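**Student:** Structure file upload.csv (CSV, N, CA and C atoms) right here:
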```
chain,number,residue,atom,x,y,z
M,1,MET,N,53.2,55.4,96.2
M,1,MET,CA,54.4,55.9,95.5
M,1,MET,C,55.2,56.7,96.5
M,2,ALA,N,56.5,56.3,96.7
M,2,ALA,CA,57.4,56.9,97.6
M,2,ALA,C,58.2,58.0,96.9
M,3,SER,N,58.4,59.1,97.6
M,3,SER,CA,59.2,60.2,97.1
M,3,SER,C,60.6,60.0,97.5
M,4,LEU,N,61.5,60.7,96.8
M,4,LEU,CA,62.9,60.6,97.2
M,4,LEU,C,63.1,61.1,98.7
M,5,ARG,N,62.4,62.1,99.1
M,5,ARG,CA,62.4,62.6,100.5
M,5,ARG,C,62.1,61.5,101.5
M,6,GLU,N,61.0,60.7,101.2
M,6,GLU,CA,60.6,59.6,102.0
M,6,GLU,C,61.7,58.5,102.1
M,7,ALA,N,62.3,58.2,100.9
M,7,ALA,CA,63.3,57.2,100.8
M,7,ALA,C,64.6,57.6,101.7
M,8,VAL,N,64.9,58.9,101.6
M,8,VAL,CA,66.1,59.3,102.4
M,8,VAL,C,65.7,59.3,103.9
M,9,LYS,N,64.5,59.7,104.2
M,9,LYS,CA,64.1,59.6,105.6
M,9,LYS,C,64.2,58.2,106.2
M,10,GLN,N,63.8,57.2,105.4
M,10,GLN,CA,63.9,55.8,105.8
M,10,GLN,C,65.3,55.4,106.1
M,11,GLN,N,66.3,56.1,105.5
M,11,GLN,CA,67.7,55.7,105.7
M,11,GLN,C,68.5,56.7,106.5
M,12,GLN,N,67.8,57.6,107.1
M,12,GLN,CA,68.6,58.7,107.8
M,12,GLN,C,69.5,58.2,108.9
M,13,GLU,N,69.1,57.2,109.6
M,13,GLU,CA,70.0,56.7,110.7
M,13,GLU,C,71.3,56.1,110.1
M,14,GLU,N,71.2,55.3,109.1
M,14,GLU,CA,72.4,54.8,108.4
M,14,GLU,C,73.2,55.9,107.8
M,15,LEU,N,72.6,56.9,107.2
M,15,LEU,CA,73.3,58.1,106.7
M,15,LEU,C,74.1,58.8,107.8
M,16,ARG,N,73.4,59.0,108.9
M,16,ARG,CA,74.1,59.8,110.0
M,16,ARG,C,75.2,59.0,110.6
M,17,ASP,N,75.0,57.7,110.8
M,17,ASP,CA,76.0,56.8,111.4
M,17,ASP,C,77.3,56.7,110.5
M,18,GLY,N,77.1,56.8,109.2
M,18,GLY,CA,78.3,56.9,108.3
M,18,GLY,C,79.0,55.5,108.3
M,19,ILE,N,78.3,54.4,108.4
M,19,ILE,CA,79.0,53.1,108.4
M,19,ILE,C,78.4,52.2,107.4
M,20,ALA,N,77.6,52.8,106.4
M,20,ALA,CA,77.0,51.9,105.4
M,20,ALA,C,77.0,52.5,104.1
M,21,TRP,N,76.7,51.7,103.1
M,21,TRP,CA,76.5,52.2,101.7
M,21,TRP,C,75.0,52.2,101.6
M,22,VAL,N,74.4,53.2,101.0
M,22,VAL,CA,73.0,53.4,100.8
M,22,VAL,C,72.7,53.5,99.3
M,23,ALA,N,71.8,52.7,98.8
M,23,ALA,CA,71.4,52.8,97.4
M,23,ALA,C,70.0,53.4,97.3
M,24,PHE,N,69.9,54.3,96.3
M,24,PHE,CA,68.6,54.9,96.0
M,24,PHE,C,68.3,54.6,94.5
M,25,TRP,N,67.1,54.1,94.2
M,25,TRP,CA,66.8,53.8,92.8
M,25,TRP,C,65.3,53.9,92.6
M,26,ARG,N,64.9,54.1,91.3
M,26,ARG,CA,63.5,54.2,91.0
M,26,ARG,C,63.0,53.0,90.3
M,27,GLU,N,61.7,52.7,90.6
M,27,GLU,CA,60.9,51.7,90.0
M,27,GLU,C,59.7,52.4,89.6
M,28,GLY,N,59.5,52.7,88.3
M,28,GLY,CA,58.4,53.5,87.8
M,28,GLY,C,58.6,54.9,88.3
M,29,ARG,N,57.6,55.4,89.1
M,29,ARG,CA,57.6,56.7,89.6
M,29,ARG,C,58.0,56.7,91.1
M,30,SER,N,58.2,55.5,91.7
M,30,SER,CA,58.5,55.4,93.1
M,30,SER,C,60.0,55.3,93.3
M,31,TRP,N,60.5,55.9,94.4
M,31,TRP,CA,61.9,55.8,94.9
M,31,TRP,C,62.0,54.6,95.9
M,32,ASN,N,63.1,53.9,95.9
M,32,ASN,CA,63.4,52.9,96.8
M,32,ASN,C,64.7,53.1,97.4
M,33,SER,N,65.0,52.5,98.6
M,33,SER,CA,66.3,52.7,99.2
M,33,SER,C,66.6,51.4,100.0
M,34,GLU,N,67.9,51.2,100.1
M,34,GLU,CA,68.4,50.0,100.9
M,34,GLU,C,69.8,50.3,101.4
M,35,SER,N,70.1,49.9,102.6
M,35,SER,CA,71.4,50.1,103.1
M,35,SER,C,72.2,48.8,103.1
M,36,PHE,N,73.5,48.9,103.0
M,36,PHE,CA,74.4,47.8,103.0
M,36,PHE,C,75.6,48.1,103.9
M,37,HIS,N,75.8,47.1,104.8
M,37,HIS,CA,76.9,47.3,105.8
M,37,HIS,C,78.1,46.5,105.4
M,38,LEU,N,79.2,47.0,105.8
M,38,LEU,CA,80.5,46.4,105.4
M,38,LEU,C,80.9,45.3,106.3
M,39,GLU,N,81.6,44.3,105.8
M,39,GLU,CA,82.2,43.3,106.6
M,39,GLU,C,83.5,43.8,107.2
M,40,MET,N,84.2,43.0,108.0
M,40,MET,CA,85.4,43.5,108.8
M,40,MET,C,86.5,44.0,107.8
M,41,GLY,N,86.6,43.4,106.7
M,41,GLY,CA,87.7,43.8,105.7
M,41,GLY,C,87.3,45.1,105.0
M,42,GLU,N,86.3,45.8,105.4
M,42,GLU,CA,85.8,47.0,104.8
M,42,GLU,C,85.4,46.8,103.3
M,43,THR,N,84.8,45.6,103.0
M,43,THR,CA,84.3,45.3,101.7
M,43,THR,C,82.8,44.9,101.9
M,44,LEU,N,82.1,44.9,100.8
M,44,LEU,CA,80.7,44.4,100.9
M,44,LEU,C,80.7,42.9,100.9
M,45,TYR,N,79.7,42.4,101.5
M,45,TYR,CA,79.4,40.9,101.5
M,45,TYR,C,79.0,40.5,100.1
M,46,PRO,N,79.4,39.3,99.7
M,46,PRO,CA,79.0,38.8,98.3
M,46,PRO,C,77.6,39.0,98.0
M,47,GLU,N,76.7,38.7,98.9
M,47,GLU,CA,75.2,38.8,98.6
M,47,GLU,C,74.8,40.2,98.4
M,48,ASP,N,75.5,41.2,99.1
M,48,ASP,CA,75.2,42.6,98.9
M,48,ASP,C,75.7,43.1,97.6
M,49,LYS,N,76.8,42.5,97.1
M,49,LYS,CA,77.3,42.9,95.8
M,49,LYS,C,76.3,42.4,94.7
M,50,MET,N,75.7,41.2,94.9
M,50,MET,CA,74.7,40.7,94.0
M,50,MET,C,73.5,41.6,94.0
M,51,ARG,N,73.1,42.0,95.2
M,51,ARG,CA,71.9,42.8,95.3
M,51,ARG,C,72.1,44.2,94.7
M,52,LEU,N,73.3,44.8,94.8
M,52,LEU,CA,73.6,46.0,94.1
M,52,LEU,C,73.5,45.9,92.6
M,53,ALA,N,74.0,44.7,92.1
M,53,ALA,CA,73.9,44.5,90.7
M,53,ALA,C,72.4,44.4,90.2
M,54,GLU,N,71.6,43.8,91.0
M,54,GLU,CA,70.2,43.7,90.7
M,54,GLU,C,69.5,45.1,90.7
M,55,ILE,N,69.9,46.0,91.7
M,55,ILE,CA,69.4,47.3,91.7
M,55,ILE,C,69.9,48.1,90.5
M,56,GLN,N,71.1,48.0,90.1
M,56,GLN,CA,71.7,48.6,88.9
M,56,GLN,C,71.0,48.2,87.7
M,57,ALA,N,70.7,46.9,87.6
M,57,ALA,CA,69.9,46.4,86.4
M,57,ALA,C,68.5,46.9,86.4
M,58,ALA,N,67.9,47.1,87.5
M,58,ALA,CA,66.5,47.7,87.6
M,58,ALA,C,66.5,49.2,87.2
M,59,ASP,N,67.6,49.9,87.6
M,59,ASP,CA,67.7,51.3,87.4
M,59,ASP,C,69.2,51.7,87.1
M,60,PRO,N,69.6,51.7,85.9
M,60,PRO,CA,71.0,52.1,85.6
M,60,PRO,C,71.4,53.4,86.1
M,61,LYS,N,70.5,54.3,86.5
M,61,LYS,CA,70.8,55.6,87.0
M,61,LYS,C,70.7,55.6,88.6
M,62,ALA,N,70.7,54.4,89.2
M,62,ALA,CA,70.7,54.3,90.6
M,62,ALA,C,71.8,55.1,91.2
M,63,VAL,N,71.6,55.6,92.4
M,63,VAL,CA,72.6,56.4,93.1
M,63,VAL,C,73.0,55.5,94.3
M,64,ILE,N,74.4,55.3,94.5
M,64,ILE,CA,74.9,54.5,95.6
M,64,ILE,C,75.9,55.4,96.4
M,65,LEU,N,75.6,55.6,97.6
M,65,LEU,CA,76.5,56.5,98.4
M,65,LEU,C,77.3,55.6,99.4
M,66,GLY,N,78.6,55.8,99.4
M,66,GLY,CA,79.5,55.1,100.3
M,66,GLY,C,79.8,56.1,101.4
M,67,LEU,N,79.4,55.8,102.6
M,67,LEU,CA,79.5,56.8,103.7
M,67,LEU,C,80.4,56.2,104.8
M,68,PHE,N,81.4,56.9,105.1
M,68,PHE,CA,82.3,56.4,106.1
M,68,PHE,C,82.7,57.6,107.1
M,69,LYS,N,82.4,57.4,108.3
M,69,LYS,CA,82.7,58.3,109.4
M,69,LYS,C,84.1,58.1,109.9
M,70,ALA,N,84.9,59.1,110.1
M,70,ALA,CA,86.2,58.9,110.7
M,70,ALA,C,86.1,58.2,112.1
M,71,LEU,N,87.0,57.3,112.4
M,71,LEU,CA,86.9,56.6,113.6
M,71,LEU,C,87.1,57.4,114.9
M,72,ASN,N,87.8,58.5,114.7
M,72,ASN,CA,88.1,59.4,115.9
M,72,ASN,C,87.1,60.6,116.0
M,73,ALA,N,86.1,60.6,115.2
M,73,ALA,CA,85.2,61.7,115.1
M,73,ALA,C,84.1,61.5,116.2
```
Show how you would write the structure in this file as structure tokens.

**Tutor:**
Amino acid sequence: MASLREAVKQQQEELRDGIAWVAFWREGRSWNSESFHLEMGETLYPEDKMRLAEIQAADPKAVILGLFKALNA
């Protein structure tokens, strides 16, 4: 069983880089996480949109963070 802390730790590089969306959701008592990177037009790939829909269906209370770092930072 993964805790939320462990799920965040797995995604910490993506969270720090600020160039991805990260989803956190529960299955039973376990937390899961997955990162999604944007295509050049700053939109999600179609397969990533489908995966996010699957995650939302599995856990309607899933949390999805859109993280963007300023280009000149």

**Student:** With a distance cut-off of 8 Å and all atoms listed in the file, select the neighbouring residues of Val22 in chain M, excluding the residue or stretch itself and same-chain residues fewer than 4 positions from it, and output the selection as a PDB file with N, CA and C atoms, in the frame of the given file.

**Tutor:**
```pdb
ATOM      1  N   GLN M  11      66.300  56.100 105.500  1.00  0.00           N
ATOM      2  CA  GLN M  11      67.700  55.700 105.700  1.00  0.00           C
ATOM      3  C   GLN M  11      68.500  56.700 106.500  1.00  0.00           C
ATOM      4  N   GLU M  14      71.200  55.300 109.100  1.00  0.00           N
ATOM      5  CA  GLU M  14      72.400  54.800 108.400  1.00  0.00           C
ATOM      6  C   GLU M  14      73.200  55.900 107.800  1.00  0.00           C
ATOM      7  N   LEU M  15      72.600  56.900 107.200  1.00  0.00           N
ATOM      8  CA  LEU M  15      73.300  58.100 106.700  1.00  0.00           C
ATOM      9  C   LEU M  15      74.100  58.800 107.800  1.00  0.00           C
ATOM     10  N   SER M  33      65.000  52.500  98.600  1.00  0.00           N
ATOM     11  CA  SER M  33      66.300  52.700  99.200  1.00  0.00           C
ATOM     12  C   SER M  33      66.600  51.400 100.000  1.00  0.00           C
ATOM     13  N   GLU M  34      67.900  51.200 100.100  1.00  0.00           N
ATOM     14  CA  GLU M  34      68.400  50.000 100.900  1.00  0.00           C
ATOM     15  C   GLU M  34      69.800  50.300 101.400  1.00  0.00           C
ATOM     16  N   SER M  35      70.100  49.900 102.600  1.00  0.00           N
ATOM     17  CA  SER M  35      71.400  50.100 103.100  1.00  0.00           C
ATOM     18  C   SER M  35      72.200  48.800 103.100  1.00  0.00           C
ATOM     19  N   PHE M  36      73.500  48.900 103.000  1.00  0.00           N
ATOM     20  CA  PHE M  36      74.400  47.800 103.000  1.00  0.00           C
ATOM     21  C   PHE M  36      75.600  48.100 103.900  1.00  0.00           C
ATOM     22  N   HIS M  37      75.800  47.100 104.800  1.00  0.00           N
ATOM     23  CA  HIS M  37      76.900  47.300 105.800  1.00  0.00           C
ATOM     24  C   HIS M  37      78.100  46.500 105.400  1.00  0.00           C
ATOM     25  N   VAL M  63      71.600  55.600  92.400  1.00  0.00           N
ATOM     26  CA  VAL M  63      72.600  56.400  93.100  1.00  0.00           C
ATOM     27  C   VAL M  63      73.000  55.500  94.300  1.00  0.00           C
ATOM     28  N   ILE M  64      74.400  55.300  94.500  1.00  0.00           N
ATOM     29  CA  ILE M  64      74.900  54.500  95.600  1.00  0.00           C
ATOM     30  C   ILE M  64      75.900  55.400  96.400  1.00  0.00           C
ATOM     31  N   LEU M  65      75.600  55.600  97.600  1.00  0.00           N
ATOM     32  CA  LEU M  65      76.500  56.500  98.400  1.00  0.00           C
ATOM     33  C   LEU M  65      77.300  55.600  99.400  1.00  0.00           C
ATOM     34  N   GLY M  66      78.600  55.800  99.400  1.00  0.00           N
ATOM     35  CA  GLY M  66      79.500  55.100 100.300  1.00  0.00           C
ATOM     36  C   GLY M  66      79.800  56.100 101.400  1.00  0.00           C
ATOM     37  N   LEU M  67      79.400  55.800 102.600  1.00  0.00           N
ATOM     38  CA  LEU M  67      79.500  56.800 103.700  1.00  0.00           C
ATOM     39  C   LEU M  67      80.400  56.200 104.800  1.00  0.00           C
TER      40      LEU M  67
END
```

**Student:** So which one's closest to Trp25 in chain M, M:Thr43, M:Leu38, M:Ala7, M:Met50? Using only C-alpha atoms, please.

**Tutor:**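 Among the listed residues, M:Ala7 lies closest to Trp25 in chain M.
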
**Student:** Would you please give, as a VMD selection string, all residues of chain M that DSSP assigns to alpha helix (DSSP H) based on the backbone?

**Tutor:** chain M and resid 4 to 10 12 to 17 46 to 58

**Student:** Only N, CA and C atoms, please: the residues just picked out, written as a short mmCIF file (atom, residue, chain, number, x, y, z; two decimals), keeping the file's coordinate frame.

**Tutor:**
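Result went into part-v1.cif, see below:
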```
data_model
loop_
_atom_site.label_atom_id
_atom_site.label_comp_id
_atom_site.auth_asym_id
_atom_site.auth_seq_id
_atom_site.Cartn_x
_atom_site.Cartn_y
_atom_site.Cartn_z
N LEU M 4 61.50 60.70 96.80
CA LEU M 4 62.90 60.60 97.20
C LEU M 4 63.10 61.10 98.70
N ARG M 5 62.40 62.10 99.10
CA ARG M 5 62.40 62.60 100.50
C ARG M 5 62.10 61.50 101.50
N GLU M 6 61.00 60.70 101.20
CA GLU M 6 60.60 59.60 102.00
C GLU M 6 61.70 58.50 102.10
N ALA M 7 62.30 58.20 100.90
CA ALA M 7 63.30 57.20 100.80
C ALA M 7 64.60 57.60 101.70
N VAL M 8 64.90 58.90 101.60
CA VAL M 8 66.10 59.30 102.40
C VAL M 8 65.70 59.30 103.90
N LYS M 9 64.50 59.70 104.20
CA LYS M 9 64.10 59.60 105.60
C LYS M 9 64.20 58.20 106.20
N GLN M 10 63.80 57.20 105.40
CA GLN M 10 63.90 55.80 105.80
C GLN M 10 65.30 55.40 106.10
N GLN M 12 67.80 57.60 107.10
CA GLN M 12 68.60 58.70 107.80
C GLN M 12 69.50 58.20 108.90
N GLU M 13 69.10 57.20 109.60
CA GLU M 13 70.00 56.70 110.70
C GLU M 13 71.30 56.10 110.10
N GLU M 14 71.20 55.30 109.10
CA GLU M 14 72.40 54.80 108.40
C GLU M 14 73.20 55.90 107.80
N LEU M 15 72.60 56.90 107.20
CA LEU M 15 73.30 58.10 106.70
C LEU M 15 74.10 58.80 107.80
N ARG M 16 73.40 59.00 108.90
CA ARG M 16 74.10 59.80 110.00
C ARG M 16 75.20 59.00 110.60
N ASP M 17 75.00 57.70 110.80
CA ASP M 17 76.00 56.80 111.40
C ASP M 17 77.30 56.70 110.50
N PRO M 46 79.40 39.30 99.70
CA PRO M 46 79.00 38.80 98.30
C PRO M 46 77.60 39.00 98.00
N GLU M 47 76.70 38.70 98.90
CA GLU M 47 75.20 38.80 98.60
C GLU M 47 74.80 40.20 98.40
N ASP M 48 75.50 41.20 99.10
CA ASP M 48 75.20 42.60 98.90
C ASP M 48 75.70 43.10 97.60
N LYS M 49 76.80 42.50 97.10
CA LYS M 49 77.30 42.90 95.80
C LYS M 49 76.30 42.40 94.70
N MET M 50 75.70 41.20 94.90
CA MET M 50 74.70 40.70 94.00
C MET M 50 73.50 41.60 94.00
N ARG M 51 73.10 42.00 95.20
CA ARG M 51 71.90 42.80 95.30
C ARG M 51 72.10 44.20 94.70
N LEU M 52 73.30 44.80 94.80
CA LEU M 52 73.60 46.00 94.10
C LEU M 52 73.50 45.90 92.60
N ALA M 53 74.00 44.70 92.10
CA ALA M 53 73.90 44.50 90.70
C ALA M 53 72.40 44.40 90.20
N GLU M 54 71.60 43.80 91.00
CA GLU M 54 70.20 43.70 90.70
C GLU M 54 69.50 45.10 90.70
N ILE M 55 69.90 46.00 91.70
CA ILE M 55 69.40 47.30 91.70
C ILE M 55 69.90 48.10 90.50
N GLN M 56 71.10 48.00 90.10
CA GLN M 56 71.70 48.60 88.90
C GLN M 56 71.00 48.20 87.70
N ALA M 57 70.70 46.90 87.60
CA ALA M 57 69.90 46.40 86.40
C ALA M 57 68.50 46.90 86.40
N ALA M 58 67.90 47.10 87.50
CA ALA M 58 66.50 47.70 87.60
C ALA M 58 66.50 49.20 87.20
#
```

**Student:** If I take CA of Leu4 in chain M and CA of Ala57 in chain M, how far is one from the other in Å, to one decimal?

**Tutor:** 19.2 Å

**Student:** State, in Å with one decimal place, the distance from atom N of Met40 in chain M to atom C of Lys9 in chain M.

**Tutor:** 25.2 Å

**Student:** Every residue with an atom at most 6.5 Å from (57.5, 54.4, 94.2) (file coordinates; only N, CA and C atoms) is what I'm after, so could you write them as an NGL selection string?

**Tutor:** :M and (1-3 or 27-32)

**Student:** Nearest to Glu39 in chain M among M:Pro60, M:Arg5, M:Glu13, M:Trp21, with distances taken over only C-alpha atoms: which residue is it?

**Tutor:**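 Smallest separation from Glu39 in chain M among the options: M:Trp21.
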
**Student:** To one decimal in Å, tell me the separation between CA of Glu47 in chain M and CA of Asp17 in chain M.

**Tutor:** 22.1 Å
